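Visitor: Sending over work.txt (compact mmCIF, C-alpha atoms).
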# COMPACT_ATOMS: atom_id res chain seq x y z
CA MET A 1 0.00 0.00 0.00
CA GLU A 2 1.34 3.42 -0.97
CA ALA A 3 0.63 5.91 1.79
CA ASP A 4 -1.20 9.11 0.80
CA TYR A 5 1.17 11.46 2.60
CA ALA A 6 -0.71 14.58 1.55
CA ALA A 7 -3.95 13.26 3.07
CA LEU A 8 -2.10 12.17 6.20
CA LYS A 9 -0.48 15.57 6.55
CA LYS A 10 -3.80 17.31 6.10
CA GLY A 11 -5.12 15.14 8.95
CA GLY A 12 -2.29 16.14 11.24
CA PHE A 13 0.06 13.17 10.71
CA MET A 14 3.52 14.70 10.39
CA ARG A 15 6.14 12.51 8.71
CA GLN A 16 9.06 11.74 10.93
CA VAL A 17 12.71 11.09 10.10
CA GLN A 18 11.99 7.44 10.91
CA LYS A 19 10.35 5.54 8.06
CA ASN A 20 6.59 5.04 8.43
CA ARG A 21 6.45 6.90 11.73
CA PHE A 22 4.32 9.97 12.26
CA SER A 23 4.07 12.63 14.88
CA LEU A 24 0.33 13.11 15.21
CA ARG A 25 -0.83 16.64 15.73
CA LEU A 26 -3.96 17.05 17.87
CA LYS A 27 -6.58 19.75 17.83
CA VAL A 28 -6.19 22.12 20.75
CA VAL A 29 -8.20 25.33 20.97
CA GLY A 30 -6.95 28.27 23.00
CA GLY A 31 -4.44 26.09 24.82
CA ASN A 32 -7.09 24.27 26.84
CA LEU A 33 -7.56 20.51 27.18
CA THR A 34 -9.97 18.81 29.58
CA ALA A 35 -8.70 16.21 32.04
CA GLU A 36 -10.59 13.58 30.04
CA GLN A 37 -8.81 14.64 26.85
CA ILE A 38 -5.43 14.53 28.57
CA GLU A 39 -6.19 11.01 29.83
CA THR A 40 -7.14 9.95 26.31
CA VAL A 41 -3.93 11.41 24.90
CA ALA A 42 -1.89 9.65 27.60
CA ARG A 43 -3.58 6.32 26.83
CA VAL A 44 -3.04 6.65 23.07
CA SER A 45 0.58 7.70 23.44
CA ARG A 46 1.24 4.64 25.62
CA ALA A 47 -0.62 2.25 23.34
CA PHE A 48 0.53 3.55 19.96
CA GLY A 49 3.44 5.93 20.54
CA LYS A 50 6.34 5.95 22.97
CA GLY A 51 4.45 7.12 26.02
CA TYR A 52 5.20 10.82 25.73
CA VAL A 53 3.85 13.86 23.94
CA HIS A 54 5.50 16.89 22.42
CA LEU A 55 4.15 20.34 23.24
CA THR A 56 4.52 22.53 20.17
CA SER A 57 5.42 26.21 20.09
CA ARG A 58 1.78 27.11 19.44
CA GLN A 59 -0.03 25.32 22.26
CA GLY A 60 -0.39 22.18 20.20
CA VAL A 61 0.10 18.61 21.34
CA GLU A 62 1.70 15.96 19.15
CA ILE A 63 1.99 12.24 19.79
CA PRO A 64 5.24 11.11 18.13
CA PHE A 65 6.08 7.63 16.80
CA ILE A 66 2.64 6.61 15.52
CA ARG A 67 2.99 3.72 13.01
CA LEU A 68 1.46 4.01 9.58
CA GLU A 69 -0.53 0.81 10.12
CA ASP A 70 -2.06 2.21 13.34
CA VAL A 71 -3.35 5.44 11.84
CA ASN A 72 -7.00 4.40 11.72
CA ALA A 73 -6.98 2.76 15.15
CA VAL A 74 -5.36 5.86 16.65
CA GLN A 75 -7.93 8.16 15.09
CA GLU A 76 -10.75 6.02 16.45
CA ALA A 77 -9.27 5.82 19.94
CA LEU A 78 -8.80 9.57 20.06
CA ARG A 79 -12.26 10.37 18.75
CA ALA A 80 -13.85 7.99 21.28
CA GLY A 81 -12.00 9.86 24.03
CA GLY A 82 -13.10 13.33 22.90
CA VAL A 83 -9.92 14.32 21.09
CA ASP A 84 -9.77 15.55 17.49
CA THR A 85 -6.73 15.32 15.28
CA GLY A 86 -5.13 18.53 14.04
CA VAL A 87 -4.33 19.97 10.64
CA CYS A 88 -1.22 20.92 8.76
CA GLY A 89 -0.51 22.36 5.31
CA PRO A 90 -2.09 25.42 3.68
CA ARG A 91 -5.00 26.01 6.02
CA VAL A 92 -6.09 27.74 9.19
CA ARG A 93 -4.07 26.30 12.05
CA THR A 94 -4.48 26.00 15.81
CA VAL A 95 -6.10 29.09 17.31
CA THR A 96 -3.97 30.02 20.30
CA ALA A 97 -5.03 32.03 23.33
CA CYS A 98 -3.93 33.08 26.78
CA GLN A 99 -6.36 32.50 29.65
CA GLY A 100 -7.81 36.00 29.37
CA ALA A 101 -10.13 37.95 31.64
CA SER A 102 -12.02 34.90 32.96
CA VAL A 103 -8.87 33.80 34.80
CA CYS A 104 -6.15 36.45 34.58
CA PRO A 105 -6.41 39.70 36.57
CA SER A 106 -4.71 41.55 33.71
CA GLY A 107 -7.17 40.37 31.06
CA CYS A 108 -9.29 42.94 29.23
CA ILE A 109 -11.28 40.44 27.14
CA GLU A 110 -12.56 36.89 27.45
CA THR A 111 -10.26 34.77 25.27
CA SER A 112 -11.12 31.04 25.55
CA GLU A 113 -14.62 31.33 24.16
CA LEU A 114 -13.43 33.73 21.48
CA ALA A 115 -10.69 31.31 20.43
CA ALA A 116 -13.31 28.55 20.24
CA GLU A 117 -15.54 30.74 18.08
CA ILE A 118 -12.68 31.65 15.75
CA SER A 119 -11.68 27.99 15.58
CA ALA A 120 -15.27 26.86 14.85
CA ARG A 121 -15.49 29.42 12.05
CA TYR A 122 -12.13 28.94 10.36
CA TYR A 123 -10.11 25.97 11.67
CA GLY A 124 -8.91 23.77 8.83
CA ARG A 125 -10.15 26.15 6.11
CA THR A 126 -7.91 25.74 3.06
CA LEU A 127 -6.10 28.91 1.99
CA PRO A 128 -3.09 29.69 -0.24
CA HIS A 129 -0.74 29.06 2.72
CA LYS A 130 -0.85 28.36 6.44
CA PHE A 131 -2.81 30.90 8.45
CA LYS A 132 -2.54 31.51 12.18
CA PHE A 133 -4.79 33.23 14.69
CA GLY A 134 -3.70 34.17 18.19
CA VAL A 135 -5.79 35.77 20.93
CA THR A 136 -4.17 37.64 23.79
CA GLY A 137 -6.16 39.16 26.62
CA CYS A 138 -4.25 42.38 27.18
CA GLN A 139 -1.26 44.45 26.20
CA ASN A 140 1.10 42.35 28.28
CA ASN A 141 0.76 40.23 25.14
CA CYS A 142 1.67 36.87 26.68
CA LEU A 143 0.21 35.23 23.58
CA LYS A 144 2.30 37.35 21.15
CA ALA A 145 -0.57 38.55 18.95
CA GLU A 146 1.59 40.24 16.31
CA GLU A 147 3.43 37.07 15.33
CA ASN A 148 0.17 35.68 13.93
CA ASP A 149 -1.42 36.27 10.52
CA VAL A 150 -4.30 37.73 12.51
CA GLY A 151 -3.71 38.72 16.10
CA VAL A 152 -6.51 39.67 18.47
CA LYS A 153 -5.51 41.70 21.51
CA GLY A 154 -7.73 42.66 24.41
CA ALA A 155 -8.05 46.35 25.22
CA TYR A 156 -10.20 48.75 27.19
CA ILE A 157 -11.92 51.82 25.86
CA VAL A 158 -11.78 53.95 29.00
CA ARG A 159 -13.86 56.70 30.53
CA TRP A 160 -13.29 58.72 33.71
CA CYS A 161 -16.22 59.31 36.07
CA LYS A 162 -15.64 62.35 38.19
CA GLU A 163 -18.24 61.52 40.84
CA ASP A 164 -16.38 58.34 41.82
CA CYS A 165 -12.87 59.77 41.73
CA SER A 166 -11.02 60.48 44.96
CA LEU A 167 -8.14 62.13 43.07
CA CYS A 168 -5.78 59.69 44.80
CA GLY A 169 -3.26 59.94 41.96
CA VAL A 170 -2.72 56.22 41.40
CA CYS A 171 -3.83 56.24 37.74
CA LEU A 172 -1.47 59.08 36.84
CA LYS A 173 1.42 56.78 37.67
CA ALA A 174 -0.14 53.50 36.55
CA CYS A 175 -0.41 54.88 33.00
CA ARG A 176 2.79 54.09 31.13
CA GLU A 177 1.91 56.23 28.13
CA GLY A 178 1.85 59.58 29.92
CA ALA A 179 -1.74 60.00 28.75
CA LEU A 180 -3.16 61.18 32.08
CA SER A 181 -2.79 64.45 33.94
CA ALA A 182 -4.60 66.14 36.80
CA ALA A 183 -5.82 69.71 36.61
CA ASP A 184 -8.37 71.59 38.74
CA GLY A 185 -9.84 68.49 40.35
CA GLU A 186 -10.18 66.69 37.05
CA ILE A 187 -8.26 63.85 35.46
CA VAL A 188 -7.62 64.65 31.81
CA ILE A 189 -6.92 61.95 29.24
CA ASP A 190 -4.91 62.60 26.11
CA THR A 191 -6.67 60.18 23.77
CA ALA A 192 -3.89 60.49 21.21
CA ARG A 193 -1.52 58.93 23.75
CA CYS A 194 -3.91 56.38 25.26
CA ASN A 195 -3.07 52.90 23.95
CA ASN A 196 -6.19 51.29 25.50
CA CYS A 197 -4.12 49.13 27.87
CA GLY A 198 -6.62 49.66 30.69
CA ARG A 199 -4.03 50.06 33.43
CA CYS A 200 -5.98 53.07 34.76
CA VAL A 201 -9.09 50.90 35.10
CA LYS A 202 -7.24 48.01 36.71
CA SER A 203 -5.44 50.19 39.23
CA CYS A 204 -8.22 52.60 40.21
CA PRO A 205 -9.13 52.11 43.90
CA THR A 206 -12.59 53.64 43.51
CA ASP A 207 -13.53 52.29 40.09
CA ALA A 208 -13.76 55.83 38.76
CA TRP A 209 -12.23 54.57 35.52
CA ARG A 210 -14.66 52.45 33.53
CA GLY A 211 -13.34 50.19 30.83
CA GLU A 212 -15.29 48.60 28.03
CA SER A 213 -13.72 45.48 26.56
CA ALA A 214 -12.46 46.01 23.02
CA TYR A 215 -10.43 44.30 20.33
CA LEU A 216 -7.23 45.49 18.74
CA LEU A 217 -6.38 43.52 15.62
CA SER A 218 -3.06 43.02 13.89
CA PHE A 219 -2.52 41.62 10.41
CA GLY A 220 0.30 39.93 8.57
CA GLY A 221 2.51 38.70 11.34
CA MET A 222 4.80 35.70 10.83
CA PHE A 223 7.67 34.29 12.83
CA GLY A 224 9.25 31.54 10.80
CA ASN A 225 11.67 31.69 7.89
CA LYS A 226 10.73 35.30 7.49
CA ILE A 227 9.86 37.42 10.44
CA ALA A 228 7.37 40.26 10.28
CA ARG A 229 5.32 41.97 12.92
CA GLY A 230 1.57 42.13 12.37
CA ARG A 231 0.27 45.61 11.69
CA SER A 232 -2.63 47.38 13.25
CA VAL A 233 -4.87 49.11 10.70
CA LEU A 234 -7.99 49.73 12.81
CA PRO A 235 -8.72 51.45 16.11
CA ALA A 236 -9.88 49.43 19.14
CA PHE A 237 -13.52 48.44 18.69
CA ARG A 238 -16.09 46.76 20.90
CA ASP A 239 -18.25 44.25 19.13
CA LYS A 240 -17.65 40.70 18.02
CA ASP A 241 -19.78 40.97 14.87
CA THR A 242 -17.37 43.60 13.58
CA LEU A 243 -14.46 41.36 14.53
CA PHE A 244 -15.78 38.52 12.40
CA ARG A 245 -16.73 40.79 9.49
CA VAL A 246 -13.16 42.05 9.48
CA THR A 247 -11.54 38.62 9.80
CA ASP A 248 -13.83 37.24 7.08
CA ALA A 249 -12.66 40.08 4.85
CA ALA A 250 -8.99 39.43 5.65
CA LEU A 251 -9.24 35.72 4.84
CA ASN A 252 -11.24 36.41 1.69
CA PHE A 253 -8.64 38.96 0.61
CA PHE A 254 -5.93 36.38 1.15
CA ASP A 255 -7.85 33.73 -0.77
CA ALA A 256 -8.56 36.09 -3.67
CA HIS A 257 -5.18 37.79 -4.02
CA ALA A 258 -2.44 35.41 -2.92
CA ASN A 259 -0.49 33.10 -5.15
CA ASP A 260 -0.42 29.50 -3.99
CA GLY A 261 2.25 29.00 -1.38
CA GLU A 262 2.42 32.67 -0.52
CA ARG A 263 2.02 33.80 3.06
CA PHE A 264 -0.62 36.36 3.93
CA ARG A 265 1.97 39.05 4.67
CA VAL A 266 3.70 38.55 1.35
CA ALA A 267 0.40 38.68 -0.53
CA VAL A 268 -0.62 41.89 1.25
CA GLU A 269 2.73 43.54 0.52
CA ARG A 270 2.65 42.48 -3.12
CA GLY A 271 -0.91 43.77 -3.54
CA GLY A 272 -0.19 46.83 -1.43
CA TRP A 273 -1.30 47.62 2.12
CA ASP A 274 -3.63 50.27 0.71
CA SER A 275 -5.89 47.79 -1.05
CA PHE A 276 -5.86 45.46 1.95
CA GLU A 277 -6.67 48.30 4.33
CA HIS A 278 -9.48 49.35 2.01
CA ALA A 279 -10.99 45.84 2.14
CA VAL A 280 -10.69 45.71 5.92
CA GLN A 281 -12.07 49.21 6.34
CA GLU A 282 -15.13 48.35 4.26
CA ALA A 283 -15.79 45.34 6.46
CA TYR A 284 -15.21 47.43 9.58
CA ASN A 285 -17.78 49.94 8.34
CA GLY A 286 -20.24 47.12 7.81
CA LYS A 287 -20.18 47.06 4.05
CA ALA A 288 -18.89 43.55 3.54
CA MET B 1 -0.04 58.45 65.54
CA GLU B 2 0.85 60.84 62.76
CA LYS B 3 -2.12 62.60 61.18
CA HIS B 4 -2.27 62.90 57.40
CA LYS B 5 -4.05 66.17 56.68
CA ALA B 6 -6.51 65.07 59.36
CA GLU B 7 -8.03 62.62 56.88
CA PHE B 8 -6.74 59.47 58.50
CA SER B 9 -4.30 58.26 61.13
CA ILE B 10 -1.27 56.31 60.06
CA ALA B 11 -0.74 53.16 62.08
CA ALA B 12 2.53 52.08 60.46
CA THR B 13 4.99 53.01 57.75
CA GLU B 14 6.99 50.79 55.46
CA ASP B 15 9.79 51.90 53.16
CA ILE B 16 10.22 49.67 50.11
CA THR B 17 12.51 51.99 48.17
CA ASP B 18 15.39 49.52 48.67
CA ALA B 19 13.41 46.61 47.15
CA VAL B 20 12.79 45.50 43.58
CA CYS B 21 9.87 43.60 42.07
CA PRO B 22 8.53 41.23 43.30
CA LEU B 23 9.91 41.99 46.76
CA THR B 24 8.30 45.43 46.68
CA PHE B 25 4.88 43.83 46.82
CA VAL B 26 5.96 41.06 49.19
CA ARG B 27 7.18 43.64 51.69
CA ALA B 28 3.99 45.68 51.28
CA LYS B 29 1.90 42.58 51.88
CA ALA B 30 3.94 41.58 54.92
CA ALA B 31 3.59 45.09 56.38
CA LEU B 32 -0.19 44.97 55.89
CA GLU B 33 -0.37 41.58 57.59
CA GLU B 34 1.07 43.12 60.75
CA LEU B 35 -1.85 45.54 60.98
CA GLU B 36 -5.43 45.29 62.22
CA ALA B 37 -8.33 45.75 59.83
CA GLY B 38 -9.02 49.45 59.43
CA ASP B 39 -5.42 50.53 60.10
CA VAL B 40 -3.67 52.73 57.57
CA LEU B 41 -0.22 51.91 56.22
CA ALA B 42 2.02 54.54 54.65
CA LEU B 43 4.06 52.79 52.01
CA ARG B 44 7.04 54.64 50.55
CA MET B 45 8.16 53.44 47.12
CA ASN B 46 10.27 54.53 44.19
CA ASP B 47 9.05 56.21 41.05
CA GLY B 48 8.95 53.97 37.96
CA GLU B 49 8.01 50.31 38.12
CA PRO B 50 7.07 50.20 41.83
CA VAL B 51 4.62 53.10 41.68
CA GLN B 52 3.19 51.79 38.39
CA ASN B 53 2.43 48.36 39.80
CA VAL B 54 2.36 48.17 43.61
CA PRO B 55 -0.86 50.21 44.04
CA ARG B 56 -2.69 47.90 41.68
CA SER B 57 -1.38 44.78 43.41
CA VAL B 58 -2.46 46.17 46.78
CA LYS B 59 -5.91 46.89 45.33
CA GLU B 60 -6.14 43.36 43.94
CA GLU B 61 -5.45 42.03 47.46
CA GLY B 62 -8.67 43.80 48.46
CA HIS B 63 -7.23 46.67 50.50
CA LYS B 64 -8.48 50.24 50.22
CA ILE B 65 -6.14 52.75 48.63
CA LEU B 66 -6.64 56.22 50.06
CA LYS B 67 -4.04 58.37 48.36
CA LEU B 68 -0.77 58.46 46.46
CA THR B 69 1.49 61.36 47.34
CA ASP B 70 4.44 62.60 45.32
CA ASN B 71 7.28 63.23 47.77
CA ALA B 72 9.14 65.20 45.08
CA ASP B 73 12.34 63.24 45.79
CA GLY B 74 11.84 60.41 43.32
CA THR B 75 9.61 58.55 45.75
CA TYR B 76 5.88 58.27 46.36
CA THR B 77 3.90 57.36 49.44
CA LEU B 78 0.83 55.20 49.09
CA PHE B 79 -1.70 55.32 51.93
CA VAL B 80 -3.56 52.04 52.27
CA ARG B 81 -6.34 51.06 54.66
CA LYS B 82 -6.24 47.38 55.54
CA THR B 83 -9.50 45.57 55.00
CA GLY B 84 -10.84 42.71 57.18
CA GLU B 85 -10.08 39.11 56.38
Starting from the file, give its structure as structure tokens.

Guide:
Amino acid sequence: MEADYAALKKGGFMRQVQKNRFSLRLKVVGGNLTAEQIETVARVSRAFGKGYVHLTSRQGVEIPFIRLEDVNAVQEALRAGGVDTGVCGPRVRTVTACQGASVCPSGCIETSELAAEISARYYGRTLPHKFKFGVTGCQNNCLKAEENDVGVKGAYIVRWCKEDCSLCGVCLKACREGALSAADGEIVIDTARCNNCGRCVKSCPTDAWRGESAYLLSFGGMFGNKIARGRSVLPAFRDKDTLFRVTDAALNFFDAHANDGERFRVAVERGGWDSFEHAVQEAYNGKA
Amino acid sequence: MEKHKAEFSIAATEDITDAVCPLTFVRAKAALEELEAGDVLALRMNDGEPVQNVPRSVKEEGHKILKLTDNADGTYTLFVRKTGE
């Protein structure tokens, strides 16, 4: 039997140096696995691999040393235990995420559910080249948003409420951007300097700073053979519908304009940032 | 007890200007543990990273921040009221 390596790769079976051995990539969303899934993975790695797993650089899990003849049995055992296999090749890859506002005190947005929604919408979608999403809850950027083709970063759109302010002075120092000053019993924000990090909100002892969760997107990041930092082309915005209109537009732009085997960043630069920004802006304004 | 502009009485002071993160916060926390609920701690810290982060950490521990004063010598004093357990 001649193995269909392309089909195997698409299904997450990565060819190893060793003949007829595969490192099997599993589906992980937002870096979370249930205890049941971990037990399944442990069982399968003992039964069909070498009793260990490899944690990838993007929150993935691979089970190395799967034999070609065990591929079907492994897939069945995983599926029965609630674990899906991953994908490789020119498609949307693992959606990564930090723990976000549901767990982390620094978080400005919920990230796990958002990663699951992004994954449900796009995971495995075939595109001209690999495509990566990463979701990070705040500007500490633990999840490194800008190294992804699309990065989602949590932010706060902030507002000062005079009636709750004790003028204690904490926010003036908590702000790292020098955007806040005090004058005549008022706290003044320089919106041109505010980077929506939300440190004023998080530090305020009287909750006089209100923060609304918002998304800051970056486009065209990659961190492999070529390294490029994703660019921000939109202001922070609040709603998830807009987020998905914009990401739909970005993926459609990639699909329509890239040559096969060309990364998103390269396609955008070849076509010009102007035309990409135009497409994204239209979606942002609700026209796409 | 020293009075701070007659707004509150300071029960204890702690100087963390000789500490760096994370010991700044550890020392602040230890100082607060010595106090009774309702007592006010005056916490002296350096400009820069300590004053950017220690007030927030103290808030996240559930204590009440009353004021941050610029001592005009490169240090700040944070007045914190300890909350009950």

Visitor: If we count all atoms listed in the file, which residues of chain A reach to within 9 Å of chain B? Please list them as a list in words.

Guide: Pro105, Ser166, Leu167, Cys168, Gly169, Val170, Cys171, Leu172, Lys173, Ala174, Cys175, Arg176, Arg199, Lys202, Ser203, Cys204, Pro205 and Thr206 of chain A

Visitor: Which residues come within 6 Å of Gly100 of chain A, counting all atoms listed in the file, excluding same-chain residues fewer than 2 positions away, as a ChimeraX atom specification?

Guide: /A:98,102-104,107,110-111,137

Visitor: Store the residues of this selection in a file with C-alpha atoms, as an mmCIF file, in the coordinates of the input.

Guide:
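Generated file (selection-v9.cif):
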data_model
loop_
_atom_site.group_PDB
_atom_site.id
_atom_site.type_symbol
_atom_site.label_atom_id
_atom_site.label_comp_id
_atom_site.auth_asym_id
_atom_site.auth_seq_id
_atom_site.Cartn_x
_atom_site.Cartn_y
_atom_site.Cartn_z
ATOM 1 C CA CYS A 98 -3.930 33.080 26.780
ATOM 2 C CA SER A 102 -12.020 34.900 32.960
ATOM 3 C CA VAL A 103 -8.870 33.800 34.800
ATOM 4 C CA CYS A 104 -6.150 36.450 34.580
ATOM 5 C CA GLY A 107 -7.170 40.370 31.060
ATOM 6 C CA GLU A 110 -12.560 36.890 27.450
ATOM 7 C CA THR A 111 -10.260 34.770 25.270
ATOM 8 C CA GLY A 137 -6.160 39.160 26.620
#

Visitor: Tell me which residues come within 10 Å of (9.9, 49.0, 53.7), as a PyMOL selection string, counting only C-alpha atoms in the file's coordinates.

Guide: chain B and resi 13-19+23-28+30-31+42-45

Visitor: For Val135 of chain A, which of A:Leu55, A:Leu216, A:Arg193, A:Pro90 is the closest residue, counting only C-alpha atoms?

Guide: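 Checking each of A:Leu55, A:Leu216, A:Arg193, A:Pro90 against Val135 of chain A, counting only C-alpha atoms, the winner is A:Leu216.
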
Visitor: Considering only C-alpha atoms, can you say which of A:Glu69, A:Val74, A:Arg263, A:Cys108 comes closest to Gly224 of chain A?

Guide: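 When distances to Gly224 of chain A are compared using only C-alpha atoms, the smallest one comes from A:Arg263.
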
Visitor: I'd like to know which of B:Ala12, B:Glu7, B:Asn46, B:Gly74 is closest to Glu34 of chain B, using all atoms listed in the file.

Guide: B:Ala12

Visitor: Using atom CA of Phe22 of chain A and atom CA of Ala120 of chain A as the two end points, give the distance in Å to one decimal.

Guide: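 Value for the atom CA of Phe22 of chain A-atom CA of Ala120 of chain A distance: 26.0 Å.
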
Visitor: Hey, what's within 10 Å of Thr126 of chain A if we count all atoms listed in the file and toss same-chain stuff fewer than 5 positions away? As an MDAnalysis selection string, please?

Guide: chainID A and resid 10 89:93 131 255

Visitor: To one decimal place in Å, what is the distance between atom CA of Arg238 of chain A and atom CA of Tyr215 of chain A?

Guide: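 Going from atom CA of Arg238 of chain A over to atom CA of Tyr215 of chain A covers 6.2 Å.
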
Visitor: Of the residues B:Lys29, B:Thr75, B:Val20, B:Ile10, which is the one nearest to Leu41 of chain B, using only C-alpha atoms?

Guide: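 Closest residue, counting only C-alpha atoms: B:Ile10.
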
Visitor: Atom CA of Phe264 of chain A and atom CA of Leu217 of chain A are how many Å apart?

Guide: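 Between atom CA of Phe264 of chain A and atom CA of Leu217 of chain A the gap is 14.9 Å.
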
Visitor: Quick one: residues within 10 Å of Tyr123 of chain A, all atoms listed in the file, excluding same-chain residues fewer than 4 positions away - as a list in words?

Guide: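 With the cut-off at 10 Å, the set is Lys27, Val29, Gly86, Val87, Arg91, Val92, Arg93, Thr94, Val95, Ala116, Glu117, Ile118, Ser119, Phe131, Lys132 and Phe133 of chain A.
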
Visitor: May I have the centre and edge lengths, in Å to one decimal, of an axis-aligned box around the listed atoms of segment 22-41 of chain B with 5 Å added to every side, as lines of an AutoDock Vina configuration file?

Guide:
center_x = 0.4
center_y = 46.9
center_z = 52.8
size_x = 28.9
size_y = 21.7
size_z = 28.9

Visitor: Please list, as a list in words, the residues that have an atom at most 8 Å away from (-1.6, 16.2, 19.8) in the coordinates of this file, counting all atoms listed in the file.

Guide: Leu24, Arg25, Leu26, Lys27, Val28, Val41, Val53, His54, Leu55, Gly60, Val61, Glu62, Ile63, Thr85 and Gly86 of chain A

Visitor: Name the closest residue to Asp241 of chain A among the candidates A:Trp209, A:Leu68, A:Asp260, A:Ala283; distances are taken between atoms, counting all atoms listed in the file.

Guide: A:Ala283

Visitor: Show me, as a list in words, the residues that have an atom within 7 Å of segment 37-39 of chain B when counting all atoms listed in the file, minus same-chain residues fewer than 3 positions from it.

Guide: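 Here the answer would be Ala11, Arg81, Lys82, Thr83 and Gly84 of chain B.
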
Visitor: Using all atoms listed in the file, find the one residue out of A:Gly31, A:Leu127, A:Gln37, A:Val71 that sits nearest to Ala7 of chain A.

Guide: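 The closest residue to Ala7 of chain A is A:Val71.
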